[in-house]
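**Q** This one is run-v5.cif, mmCIF, C-alpha atoms.
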data_coords
loop_
_atom_site.label_atom_id
_atom_site.label_comp_id
_atom_site.auth_asym_id
_atom_site.auth_seq_id
_atom_site.Cartn_x
_atom_site.Cartn_y
_atom_site.Cartn_z
CA MET A 1 1.62 -14.65 -30.79
CA PHE A 2 -0.86 -12.63 -28.76
CA THR A 3 -0.24 -14.57 -25.56
CA ASN A 4 3.44 -13.55 -25.50
CA MET A 5 2.45 -9.93 -26.01
CA ASN A 6 -0.15 -10.18 -23.24
CA LYS A 7 2.38 -11.77 -20.89
CA SER A 8 4.95 -9.05 -21.50
CA ARG A 9 2.29 -6.36 -21.11
CA SER A 10 1.03 -7.85 -17.83
CA ASN A 11 4.61 -8.21 -16.57
CA GLN A 12 5.22 -4.57 -17.46
CA ILE A 13 2.09 -3.49 -15.58
CA LEU A 14 3.05 -5.55 -12.52
CA ALA A 15 6.59 -4.17 -12.55
CA THR A 16 5.30 -0.61 -12.81
CA ALA A 17 2.82 -1.13 -9.98
CA PHE A 18 5.55 -2.66 -7.79
CA LEU A 19 7.90 0.23 -8.56
CA ILE A 20 5.25 2.81 -7.65
CA PHE A 21 4.47 0.90 -4.43
CA LEU A 22 8.17 0.75 -3.56
CA ILE A 23 8.69 4.47 -4.18
CA VAL A 24 5.69 5.37 -2.02
CA MET A 25 6.82 3.10 0.81
CA LEU A 26 10.42 4.31 0.78
CA ALA A 27 9.62 8.01 0.40
CA ASP A 28 10.98 9.94 3.35
CA TYR A 29 8.41 12.58 4.05
CA ASP A 30 6.29 13.37 7.06
CA LEU A 31 2.65 12.41 6.64
CA SER A 32 -0.12 13.71 8.81
CA GLY A 33 -2.97 11.23 9.09
CA GLN A 34 -4.70 12.62 12.15
CA CYS A 35 -8.12 14.09 12.74
CA PRO A 36 -8.17 17.67 14.13
CA MET A 37 -8.88 16.59 17.71
CA CYS A 38 -6.11 13.99 17.70
CA LYS A 39 -3.75 16.53 16.13
CA ILE A 40 -4.43 19.11 18.86
CA SER A 41 -3.90 16.48 21.56
CA ALA A 42 -0.68 15.21 19.97
CA GLU A 43 0.68 18.75 19.44
CA SER A 44 0.06 19.68 23.05
CA ASN A 45 1.76 16.46 24.17
CA MET A 46 4.78 17.13 21.96
CA ARG A 47 4.96 20.74 23.17
CA ASP A 48 5.33 19.35 26.69
CA GLY A 49 8.19 17.08 25.58
CA GLY A 50 6.20 13.89 24.90
CA THR A 51 6.43 11.61 21.88
CA ALA A 52 2.84 10.39 21.73
CA GLY A 53 2.14 12.34 18.55
CA ARG A 54 4.63 10.39 16.46
CA GLY A 55 3.28 7.07 17.68
CA LEU A 56 -0.29 8.14 17.11
CA ASN A 57 0.47 9.27 13.57
CA SER A 58 2.34 6.04 12.77
CA GLY A 59 -0.55 3.96 14.12
CA ILE A 60 -3.10 5.81 12.01
CA LEU A 61 -1.01 5.40 8.86
CA TYR A 62 -0.52 1.69 9.62
CA MET A 63 -4.28 1.18 9.98
CA PHE A 64 -4.82 3.14 6.76
CA ALA A 65 -2.40 0.98 4.73
CA LEU A 66 -3.45 -2.46 5.98
CA PRO A 67 -6.76 -2.76 4.06
CA TYR A 68 -5.01 -1.78 0.82
CA LEU A 69 -2.36 -4.44 1.37
CA LEU A 70 -5.02 -7.08 2.06
CA ILE A 71 -7.08 -6.17 -1.01
CA GLY A 72 -3.93 -6.02 -3.13
CA THR A 73 -2.86 -9.48 -1.94
CA LEU A 74 -6.29 -10.94 -2.63
CA GLY A 75 -6.33 -9.31 -6.07
CA TYR A 76 -2.91 -10.72 -6.88
CA LEU A 77 -3.91 -14.23 -5.77
CA TRP A 78 -7.12 -14.00 -7.81
CA TYR A 79 -5.13 -12.84 -10.84
CA LYS A 80 -2.63 -15.70 -10.54
CA ASN A 81 -5.38 -18.32 -10.08
CA ARG A 82 -7.39 -16.88 -12.97
CA LYS A 83 -4.28 -16.93 -15.16
CA ASN A 84 -3.63 -20.60 -14.29
CA TYR A 85 -7.29 -21.45 -14.92
CA ASP A 86 -7.21 -19.80 -18.36
CA GLN A 87 -4.08 -21.75 -19.36
CA GLU A 88 -5.58 -25.20 -18.61
CA PRO A 89 -6.66 -27.10 -21.72
CA GLU A 90 -10.33 -27.96 -21.96
#
Can you present the structure in this file as structure tokens?

**A**
Amino acid sequence: MFTNMNKSRSNQILATAFLIFLIVMLADYDLSGQCPMCKISAESNMRDGGTAGRGLNSGILYMFALPYLLIGTLGYLWYKNRKNYDQEPE
């Protein structure tokens, strides 16, 4: 009885986490992930007609998101393996 309730609760938590992740990834807003020196350099480049600022900002955000994706993947794999281990009869 409790295992079905735990499964539905864990599925609900996973679905909610995935939905939040999807909303954050698909949100269309401009993020600024630059340090002050990089920002000044990128703004002066864009003022002169360059596009280095957009690429710099995208690169910083990419490097910021990668560790979270790796940790999330490892956590998910650990959760799935732990769940399989708990279901095995002794």

**Q** Could you name the residues that touch Arg54 (chain A) at 9 Å or less, counting all atoms listed in the file, but leaving out those on the same chain fewer than 5 positions away, as a list in words?

**A**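 In the requested format, the answer is Ala42, Met46 and Gly59 of chain A.
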
**Q** Just how far from CA of Asn57 (chain A) is CA of Val24 (chain A), in Å to one decimal?

**A** 16.9 Å

**Q** With distances taken over all atoms listed in the file, which residue among A:Leu61, A:Leu56, A:Leu14, A:Leu74 lies nearest Cys38 (chain A)?

**A** A:Leu56

**Q** Considering all atoms listed in the file, return as a PyMOL selection string whatever protein or nucleic-acid residues lie within 10 Å of Glu43 (chain A), sequence-local ones (same chain, fewer than 5 positions apart) excluded.

**A** chain A and resi 37-38+48-54

**Q** Just C-alpha atoms for this one: save the residues we selected as a short mmCIF file (atom, residue, chain, number, x, y, z; two decimals), keeping the file's coordinate frame.

**A**
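Listing of selection_10.cif after writing:
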data_model
loop_
_atom_site.label_atom_id
_atom_site.label_comp_id
_atom_site.auth_asym_id
_atom_site.auth_seq_id
_atom_site.Cartn_x
_atom_site.Cartn_y
_atom_site.Cartn_z
CA MET A 37 -8.88 16.59 17.71
CA CYS A 38 -6.11 13.99 17.70
CA ASP A 48 5.33 19.35 26.69
CA GLY A 49 8.19 17.08 25.58
CA GLY A 50 6.20 13.89 24.90
CA THR A 51 6.43 11.61 21.88
CA ALA A 52 2.84 10.39 21.73
CA GLY A 53 2.14 12.34 18.55
CA ARG A 54 4.63 10.39 16.46
#

**Q** Calculate how many Å separate CA of Phe21 (chain A) from CA of Leu66 (chain A), rounding to one decimal.

**A** 13.5 Å

**Q** Expressed in Å to a single decimal, how great is the separation between CA of Tyr68 (chain A) and CA of Ile13 (chain A)?

**A** 18.0 Å

**Q** Which is closest to Lys39 (chain A) among A:Ala27, A:Ala17, A:Ile60, A:Ile71, if we use all atoms listed in the file?

**A** A:Ile60

**Q** What would the list of residues within 12 Å of (-0.8, -10.6, -9.1) (file frame) look like as a ChimeraX atom specification, if all atoms listed in the file are what count?

**A** /A:10-15,17-18,71-84
